Structure formats: C-alpha cells, structure tokens
Amino acid sequence: MRKALGKGLDALLSGAIDDNNETSGMGGVQKIPLDKIIPNRYQPRKTFNAESLQGLADSIKQHGLTQPVVVVYDAGMDKYELVVGERRFRASQLAGFTEIDCIVHGKLDDKQMCALALIENIQREDLNPIETALGYKSLMQKFMISQTELGEYCGKSKAAVSNSLRLLNLEPEIQEAIKSGEISEGHGRALLMVADNNKRETLFKKILSSKMSVRQAEEAAKNASSETVKTKPQKTPDTLAFEASLQEALGTKVELKYGSKPSKGKLILHYNSLEELEQISQRLKNKML
C-alpha cells in the first residue's frame with residue numbers, strides 16, 4: 001500500500017494508480033504498430049544513453065519484450081501516446097520491430113500524464129541528477145505538495161529530495177556539467193558549500209582541470225568557505241532552519257539577508273517564471289486564510 005499523499009497529488013492520481021502502484025482502468029495487452037505511437041510530451045528524461053539503449057535492443061531481439069509499455073489513445077491525432085516505457089519503445093525501434101506489446105489506458109489528463117512519467121523515471125533512477133531535481137520540482141509545483149510528501153511517494157527520504165533540489169541552485173554551466181557526467185552529483189553538493197559565486201566558479205574550473213575526487217572537492221570547498229567566513233557574516237543554525245522550513249512550505253528558494261542591525265534584513269523569494277510566481281502567491285494566500 002502506498003503512503004498517504006498530499007491532497008493534490010492523491011486526487012489527481014487516484015484514478016490512474018491503484019494501491020498496488022499499477023495503472024488501472026486498462027484493457028489487456030495489445031500489439032500496436034510502432035509508427036502509431038508517439039513519445040510522452042511530458043517525458044522528463046532528455047538524454048538516452050546510446051550504448052545502454054542498444055544493449056536493451058539486443059536483449060529484446062533475443063528474449064522479446066518482457067514488460068509491455070503503457071499508452072493512451074489520442075483520437076484527435078489517431079495516435080497512441082506513451083505514458084511509461086519510452087526506453088522499451090526506443091529499443092524496440094532499434095531492434096527493428098514493427099509493433100510492440102502495449103496496455104492501453106482508457107483516459108488520462110495532462111497532469112496525470114506528467115506525474116506518471118516523472119514518477120516512473122524517478123523510481124527507476126533513469127534520470128540524471130538534474131533531471132531528477134527538475135522532476136521533483138515539477139511535481140511539487142503542479143500538485144502543491146511538500147518535500148516530505150513527495151519523498152514518501154517516491155520512496156526517498158526528505159533529505160534526499162532536499163539535496164536533489166538544491167542542485168538547481170547551481171549555475172547553469174555547473175548543472176550542464178552534472179547532466180553530461182563531467183562532474184558527479186557529489187561534486188555539485190561540494191560546490192554548494194561555497195556561497196561566494198566567484199569562488200564557486202573558480203573551484204568548479206579547478207575540479208574539471210584537476211580531475212578532483214568528490215572528497216578532494218569537499219576539502220577545497222571547506223577551505224574556500226572558511227576564507228569567506230572572515231569577510232561575510234555567517235547564518236546561524238536557527239536562520240538556516242527558518243529558510244529551510246519556509247522553502248519547503250512555499251516550494252521555492254528562500255534567502256534571509258542580514259541587515260546592518262540584527263533586527264533588520266531582507267527576505268528574498270526566488271521564482272523562475274510568472275506561473276511559479278503565481279503559485280508562490282497562492283501558497284502565501286492559503287497560509288493567511
């Protein structure tokens with residue numbers, strides 16, 4: 001039995017996933033031509049390893065498809081859109097198949113399509129660290145749920161979800177390096193220890209050029225941070241806890257900036273789109289009601 005979810009996600013998925021975590025409301029397995037199937041438009045996975053995909057294709061050639069893909073029929077396009085199983089779909093194309101075993105779901109709305117695609121990839125660990133973080137963020141924003149609720153649903157700890165989301169605070173260049181595998185998620189977490197942007201960029205370049213291990217990067221980050229401490233007041237544990245709790249409640253990055261006096265400062269809420277700003281505004285209004 002799956003654990004309780006936030007009301008938004010639970011309500012949206014109650015018709016799509018049963019208590020055994022299997023899609024419901026579907027018929028039996030059908031063979032559908034591959035040229036009648038289109039990818040899930042909400043697929044969070046942007047990169048597919050060619051070698052891994054070829055290995056799966058070879059396995060499918062030898063043993064056949066051991067698990068059907070799940071699709072939903074789009075009458076407007078007269079096509080079947082993938083819900084889950086895009087790797088199997090692509091590998092079957094590589095294997096030279098003309099049709100594939102499918103389970104056809106009766107009906108799914110856009111939010112259910114998005115949620116199922118994200119959750120399948122997250123649970124199978126098929127995404128790179130940045131794609132996973134973006135997947136978590138998307139689910140939290142679309143279904144108005146907390147990190148704790150999301151972690152329970154995806155089988156991850158709240159700390160794992162939080163650490164993943166923090167990677168999105170890194171500069172785009174560093175995120176790209178994590179996506180491509182130039183540096184690991186561990187290197188990314190080490191870089192997050194350095195608050196000063198210039199020092200972080202310097203350390204990032206040093207990690208790349210020196211091929212630092214994660215442990216070496218962590219030591220270098222500690223040294224860079226200790227230098228920053230001398231010139232910049234550090235936040236207290238209470239301040240960090242306050243930021244973390246507010247960040248979870250609002251689903252966005254929160255910063256508390258010290259002013260010239262302890263009683264003064266700035267509370268900064270970050271957003272990346274007008275849609276995200278509206279969601280933050282709605283959360284604030286809900287808290288005040």
# chains A, B, ... in the order shown; residues from 1 in each chain; ligands from 1
>>> residues_around(residues="range 132-139 of chain A", least_positions_apart="3", cutoff="7 Å", atoms="only C-alpha atoms", output="PyMOL selection string")
chain A and resi 44+115+118+122+127-129+142-143+164-165+168
>>> closest_atom_pairs(of="range 106-185 of chain A", to="range 39-43 of chain A", cutoff="9 Å", atoms="only C-alpha atoms", output="JSON lines")
{"residue": "A:Asp110", "atom": "CA", "partner": "A:Tyr42", "partner_atom": "CA", "distance": 8.4}
{"residue": "A:Met113", "atom": "CA", "partner": "A:Tyr42", "partner_atom": "CA", "distance": 7.0}
{"residue": "A:Cys114", "atom": "CA", "partner": "A:Tyr42", "partner_atom": "CA", "distance": 5.2}
{"residue": "A:Ala115", "atom": "CA", "partner": "A:Tyr42", "partner_atom": "CA", "distance": 8.6}
{"residue": "A:Ala117", "atom": "CA", "partner": "A:Gln43", "partner_atom": "CA", "distance": 5.8}
{"residue": "A:Leu118", "atom": "CA", "partner": "A:Gln43", "partner_atom": "CA", "distance": 7.0}
{"residue": "A:Asn121", "atom": "CA", "partner": "A:Gln43", "partner_atom": "CA", "distance": 8.8}
>>> select_by_dssp(residues="range 51-126 of chain A", states="helix (DSSP H, G or I)", output="PyMOL selection string")
chain A and resi 51-63+86-94+110-124
>>> write_last_selection(atoms="N, CA and C atoms", output="compact mmCIF listing (two decimals), in the first residue's frame")
# COMPACT_ATOMS: atom_id res chain seq x y z
N GLU A 51 24.57 3.47 -25.84
CA GLU A 51 25.10 2.13 -25.59
C GLU A 51 24.11 1.30 -24.77
N SER A 52 23.53 1.92 -23.75
CA SER A 52 22.55 1.22 -22.91
C SER A 52 21.31 0.86 -23.71
N LEU A 53 20.89 1.78 -24.58
CA LEU A 53 19.71 1.56 -25.40
C LEU A 53 19.94 0.40 -26.39
N GLN A 54 21.16 0.34 -26.95
CA GLN A 54 21.49 -0.74 -27.87
C GLN A 54 21.53 -2.07 -27.14
N GLY A 55 22.02 -2.06 -25.90
CA GLY A 55 22.04 -3.28 -25.11
C GLY A 55 20.63 -3.80 -24.84
N LEU A 56 19.71 -2.87 -24.55
CA LEU A 56 18.32 -3.26 -24.34
C LEU A 56 17.71 -3.79 -25.63
N ALA A 57 18.06 -3.15 -26.76
CA ALA A 57 17.56 -3.60 -28.07
C ALA A 57 18.02 -5.03 -28.36
N ASP A 58 19.29 -5.31 -28.07
CA ASP A 58 19.82 -6.67 -28.29
C ASP A 58 19.09 -7.69 -27.43
N SER A 59 18.80 -7.30 -26.17
CA SER A 59 18.08 -8.19 -25.26
C SER A 59 16.67 -8.46 -25.76
N ILE A 60 16.00 -7.40 -26.26
CA ILE A 60 14.64 -7.55 -26.77
C ILE A 60 14.62 -8.46 -28.00
N LYS A 61 15.65 -8.34 -28.85
CA LYS A 61 15.76 -9.20 -30.03
C LYS A 61 15.82 -10.67 -29.61
N GLN A 62 16.57 -10.93 -28.55
CA GLN A 62 16.81 -12.31 -28.13
C GLN A 62 15.67 -12.88 -27.30
N HIS A 63 15.15 -12.06 -26.38
CA HIS A 63 14.17 -12.57 -25.42
C HIS A 63 12.77 -12.00 -25.60
N GLU A 86 9.34 4.55 -22.36
CA GLU A 86 9.94 5.09 -23.58
C GLU A 86 11.24 4.39 -23.95
N ARG A 87 12.03 3.93 -22.97
CA ARG A 87 13.26 3.20 -23.31
C ARG A 87 12.93 1.92 -24.06
N ARG A 88 11.90 1.22 -23.60
CA ARG A 88 11.49 -0.02 -24.27
C ARG A 88 10.98 0.28 -25.68
N PHE A 89 10.27 1.38 -25.83
CA PHE A 89 9.77 1.80 -27.13
C PHE A 89 10.91 2.10 -28.09
N ARG A 90 11.89 2.90 -27.63
CA ARG A 90 13.03 3.26 -28.48
C ARG A 90 13.88 2.03 -28.81
N ALA A 91 14.08 1.16 -27.81
CA ALA A 91 14.89 -0.04 -28.04
C ALA A 91 14.21 -0.98 -29.03
N SER A 92 12.89 -1.05 -28.98
CA SER A 92 12.15 -1.89 -29.93
C SER A 92 12.31 -1.36 -31.35
N GLN A 93 12.35 -0.03 -31.49
CA GLN A 93 12.62 0.57 -32.80
C GLN A 93 14.00 0.17 -33.29
N LEU A 94 14.99 0.26 -32.39
CA LEU A 94 16.36 -0.12 -32.75
C LEU A 94 16.45 -1.60 -33.13
N ASP A 110 -3.67 15.72 -18.63
CA ASP A 110 -2.28 16.16 -18.79
C ASP A 110 -1.49 16.03 -17.50
N LYS A 111 -2.10 16.37 -16.37
CA LYS A 111 -1.37 16.31 -15.10
C LYS A 111 -1.04 14.88 -14.71
N GLN A 112 -1.96 13.97 -14.96
CA GLN A 112 -1.69 12.56 -14.67
C GLN A 112 -0.59 12.02 -15.58
N MET A 113 -0.60 12.42 -16.86
CA MET A 113 0.45 12.01 -17.79
C MET A 113 1.81 12.48 -17.29
N CYS A 114 1.86 13.73 -16.86
CA CYS A 114 3.12 14.31 -16.37
C CYS A 114 3.59 13.58 -15.13
N ALA A 115 2.69 13.37 -14.17
CA ALA A 115 3.05 12.73 -12.90
C ALA A 115 3.55 11.31 -13.10
N LEU A 116 2.83 10.53 -13.92
CA LEU A 116 3.22 9.14 -14.13
C LEU A 116 4.58 9.03 -14.80
N ALA A 117 4.83 9.90 -15.78
CA ALA A 117 6.13 9.87 -16.47
C ALA A 117 7.26 10.23 -15.52
N LEU A 118 7.04 11.25 -14.69
CA LEU A 118 8.07 11.67 -13.75
C LEU A 118 8.34 10.60 -12.69
N ILE A 119 7.27 10.08 -12.12
CA ILE A 119 7.42 9.11 -11.03
C ILE A 119 8.08 7.83 -11.51
N GLU A 120 7.71 7.36 -12.69
CA GLU A 120 8.32 6.13 -13.22
C GLU A 120 9.83 6.31 -13.35
N ASN A 121 10.25 7.44 -13.93
CA ASN A 121 11.68 7.69 -14.12
C ASN A 121 12.42 7.85 -12.80
N ILE A 122 11.79 8.56 -11.86
CA ILE A 122 12.43 8.78 -10.56
C ILE A 122 12.59 7.46 -9.81
N GLN A 123 11.54 6.64 -9.81
CA GLN A 123 11.60 5.38 -9.08
C GLN A 123 12.56 4.39 -9.74
N ARG A 124 12.69 4.45 -11.06
CA ARG A 124 13.61 3.55 -11.76
C ARG A 124 15.03 4.10 -11.79
>>> residues_around(residues="Met212 in chain A", least_positions_apart="4", cutoff="12 Å", atoms="only C-alpha atoms", output="VMD selection string")
chain A and resid 182 to 184 186 to 187 190 203 to 208 216 to 221
>>> closest_residue(among="A:Arg200, A:Lys257, A:Lys211, A:Lys235", to="Asn223 in chain A", atoms="only C-alpha atoms")
A:Arg200
>>> decode(residues="range 188-245 of chain A", atoms="C-alpha atoms", output="mmCIF file, in the first residue's frame")
data_model
loop_
_atom_site.group_PDB
_atom_site.id
_atom_site.type_symbol
_atom_site.label_atom_id
_atom_site.label_comp_id
_atom_site.auth_asym_id
_atom_site.auth_seq_id
_atom_site.Cartn_x
_atom_site.Cartn_y
_atom_site.Cartn_z
ATOM 1 C CA GLY A 188 27.751 19.513 -7.169
ATOM 2 C CA ARG A 189 26.934 19.226 -3.471
ATOM 3 C CA ALA A 190 30.519 20.169 -2.622
ATOM 4 C CA LEU A 191 30.239 23.287 -4.796
ATOM 5 C CA LEU A 192 27.052 24.256 -2.972
ATOM 6 C CA MET A 193 29.171 24.583 0.187
ATOM 7 C CA VAL A 194 30.798 27.665 -1.374
ATOM 8 C CA ALA A 195 28.443 30.631 -1.036
ATOM 9 C CA ASP A 196 30.566 33.115 -2.969
ATOM 10 C CA ASN A 197 29.753 32.807 -6.685
ATOM 11 C CA ASN A 198 33.245 33.766 -7.873
ATOM 12 C CA LYS A 199 34.929 31.277 -5.538
ATOM 13 C CA ARG A 200 32.437 28.605 -6.616
ATOM 14 C CA GLU A 201 33.223 29.186 -10.286
ATOM 15 C CA THR A 202 36.963 29.051 -9.572
ATOM 16 C CA LEU A 203 36.585 25.761 -7.697
ATOM 17 C CA PHE A 204 34.373 24.341 -10.456
ATOM 18 C CA LYS A 205 37.051 25.006 -13.074
ATOM 19 C CA LYS A 206 39.696 23.511 -10.780
ATOM 20 C CA ILE A 207 37.595 20.343 -10.318
ATOM 21 C CA LEU A 208 37.397 19.961 -14.100
ATOM 22 C CA SER A 209 41.053 20.676 -14.816
ATOM 23 C CA SER A 210 42.485 18.681 -11.897
ATOM 24 C CA LYS A 211 40.025 15.776 -12.085
ATOM 25 C CA MET A 212 39.362 16.149 -8.352
ATOM 26 C CA SER A 213 37.623 13.377 -6.461
ATOM 27 C CA VAL A 214 34.489 14.278 -4.504
ATOM 28 C CA ARG A 215 36.430 14.151 -1.242
ATOM 29 C CA GLN A 216 39.089 16.500 -2.605
ATOM 30 C CA ALA A 217 36.362 18.850 -3.842
ATOM 31 C CA GLU A 218 34.736 18.853 -0.407
ATOM 32 C CA GLU A 219 38.039 19.748 1.265
ATOM 33 C CA ALA A 220 38.658 22.523 -1.263
ATOM 34 C CA ALA A 221 35.117 23.817 -0.701
ATOM 35 C CA LYS A 222 35.646 23.899 3.071
ATOM 36 C CA ASN A 223 38.841 25.884 2.596
ATOM 37 C CA ALA A 224 37.135 28.333 0.232
ATOM 38 C CA SER A 225 34.208 28.721 2.638
ATOM 39 C CA SER A 226 36.479 29.323 5.636
ATOM 40 C CA GLU A 227 38.099 32.196 3.757
ATOM 41 C CA THR A 228 34.675 33.679 3.069
ATOM 42 C CA VAL A 229 33.727 33.460 6.758
ATOM 43 C CA LYS A 230 36.322 36.106 7.588
ATOM 44 C CA THR A 231 34.646 38.719 5.414
ATOM 45 C CA LYS A 232 30.999 37.690 5.436
ATOM 46 C CA PRO A 233 28.708 37.126 8.460
ATOM 47 C CA GLN A 234 27.529 33.517 8.594
ATOM 48 C CA LYS A 235 23.937 32.473 9.119
ATOM 49 C CA THR A 236 23.054 30.852 12.424
ATOM 50 C CA PRO A 237 21.539 27.339 12.587
ATOM 51 C CA ASP A 238 18.205 28.953 13.509
ATOM 52 C CA THR A 239 18.342 31.127 10.381
ATOM 53 C CA LEU A 240 19.155 28.150 8.166
ATOM 54 C CA ALA A 241 16.316 26.143 9.739
ATOM 55 C CA PHE A 242 13.932 29.071 9.171
ATOM 56 C CA GLU A 243 14.958 29.283 5.495
ATOM 57 C CA ALA A 244 14.552 25.517 5.042
ATOM 58 C CA SER A 245 11.068 25.405 6.602
#
